[in-house]
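Enquirer: Below you will find the structure I want to go over with you.
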Amino acid sequence: MQFFLVGGALRDRLLHLNIKDRDHVVINATPKMLLDLGYKQVGKDFPVFLHPKTGEEYALARTERKNGQGYHGFECYAGQDVSLVEDLQRRDLTINAMACSTDGYIIDPYKGQEDLKNKILRHVSPAFSEDPLRVLRVARFAARFYHLGFKIAPETLLLMRKLSISGELTHLRAERIWQETDKALASDDPQIYFSILRECGALNILFPEIARLFGIPGPKRWHPEIDTGIHTLMVLKQATKLSNDNAFRFACLVHDLGKALTLQELWPSHKGHGELGLKIINSLCTRLKIPNEYRELALLVSQHHTFIHKAPQLEAHNLLNIMDKCDAWRKPSRFLQMLECCIADAKGRLGFEQTEYPSADHVWQAFLVAQKVNVQDILAQGFKGKEIKEALLIARIKAVEKHRNKH
């Protein structure tokens, strides 16, 4: 029985990056042998065990054979006769198909170290095409390692295109699509993830709501980048400079989805694109089972960002109305996130990246002033029932107007 460190832990160690999870492969072993050593079995589809002290994962070496559609359409074999090289061959990229023995010797049958040196994301074998999830994984790695200069090998991108047109992507479970996407949003360059998916033809299948934005023009005065899809990716990049929160980044990504409806001949109403985007965002979040925290912030940004952009020109009661709709009084942190999403939107335009955006601060200062209005003072004046809410609103409006007159 032999133990090997494999996959991302070894890759990241060679790249001098922080290692989050350590995975191991065990060869010449059986489940009973590991159980006798105190390991706890957790895998259902194939034998995976947790180390009795460290809790790290140890999997028996295995092979996979395609016998169905989608991510789960595989038959796994984990006999004692499976070699380390055979186990590594089933992996997606060469940089993930290396192993290190307990004495520090690196086993690299598919030249992963060479691809690390040349900054290439390359598939291990033609079996890459059997797993549609790998389209998303490679796009995610492209986003994660973009700052290091990594590129996808042309032959790998070709296989990703073939997978996209094969129909296999439609068999991916919503949870797996979102899991990979959420990880990509956490990278320094999540816009690359969506750009790669578009380049290989997967964006239109997995995220048609986003794909439809490409080709939609914007006013040249405000959008020199011309294309709404390009603007969306620029906003997402700006979002990474403002927050590490994935809900924030997702809201920035989908804030303009309503623009896909504004060019349709049967445009259903005269609503702005922010309002039109609400139904689309809800549909996307429901389909991919995106957490409610993400959905709620995204809806607020879509609905209100166009008004925040012109906040200094709005009447005080309109500003208070936005605060009420955003439930800013109970959730001020989320309200601030919404305003910061508007900053990303304003800066996510060609030539506007370094431009100041005073509107967000204008609204936030107005909120802080309105928040200081003491409801106890209202009650002391004898107001009751619905009168309290009306009197509180009037007091807040006066406070905001007074503040704006001073500034």
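As shown in the structure tokens, the chain order sets the letters A, B, ...; within each chain, residues go from 1, and ligands are also counted from 1 in the order they appear.
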Using only C-alpha atoms, what table do you get, as CSV, when you list each residue of segment 251-315 of chain A with an atom no more than 7 Å from segment 359-362 of chain A, its nearest pair of atoms, and their distance in Å rounded to one decimal, rows by chain then rising number?

Expert:
residue,atom,partner,partner_atom,distance
A:Ile308,CA,A:Ser359,CA,6.4
A:His309,CA,A:Ser359,CA,6.0
A:Lys310,CA,A:Ser359,CA,6.9
A:Ala311,CA,A:Ser359,CA,5.8
A:Pro312,CA,A:Ser359,CA,6.5

Enquirer: Emit the selected residues as a PDB file, in the first residue's frame, including N, CA and C atoms.

Expert:
ATOM      1  N   ILE A 308     -29.847  55.384  -8.838  1.00  0.00           N
ATOM      2  CA  ILE A 308     -28.693  55.793  -8.036  1.00  0.00           C
ATOM      3  C   ILE A 308     -27.733  56.621  -8.884  1.00  0.00           C
ATOM      4  N   HIS A 309     -27.601  56.270 -10.149  1.00  0.00           N
ATOM      5  CA  HIS A 309     -26.702  57.020 -11.033  1.00  0.00           C
ATOM      6  C   HIS A 309     -27.072  58.506 -11.109  1.00  0.00           C
ATOM      7  N   LYS A 310     -28.353  58.810 -10.972  1.00  0.00           N
ATOM      8  CA  LYS A 310     -28.790  60.216 -11.057  1.00  0.00           C
ATOM      9  C   LYS A 310     -29.303  60.713  -9.702  1.00  0.00           C
ATOM     10  N   ALA A 311     -28.798  60.147  -8.623  1.00  0.00           N
ATOM     11  CA  ALA A 311     -29.277  60.463  -7.277  1.00  0.00           C
ATOM     12  C   ALA A 311     -29.205  61.945  -6.920  1.00  0.00           C
ATOM     13  N   PRO A 312     -28.121  62.654  -7.274  1.00  0.00           N
ATOM     14  CA  PRO A 312     -28.069  64.078  -6.896  1.00  0.00           C
ATOM     15  C   PRO A 312     -29.209  64.901  -7.471  1.00  0.00           C
TER      16      PRO A 312
END

Enquirer: Would you mind listing what lies within 8 Å of Ala344 of chain A as an MDAnalysis selection string, with only C-alpha atoms counted and same-chain residues fewer than 2 positions away left out?

Expert: chainID A and resid 235:236 238:239 242 252 340:342 346:348

Enquirer: Using only C-alpha atoms, which residue out of A:Arg122, A:Lys162, A:His305, A:Arg13 lies closest to His255 of chain A?

Expert: A:His305

Enquirer: With only C-alpha atoms as the counted atoms, please give the residues lying no more than 7 Å from Leu60 of chain A, apart from itself and same-chain residues fewer than 5 positions off, as a PyMOL selection string.

Expert: chain A and resi 25-27+29+47-48+78

Enquirer: Select, from A:Arg249, A:Lys325, A:Lys20, A:Lys151, the residue with the minimum atom-to-atom distance to Arg295 of chain A, counting only C-alpha atoms.

Expert: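 When distances to Arg295 of chain A are compared using only C-alpha atoms, the smallest one comes from A:Arg249.
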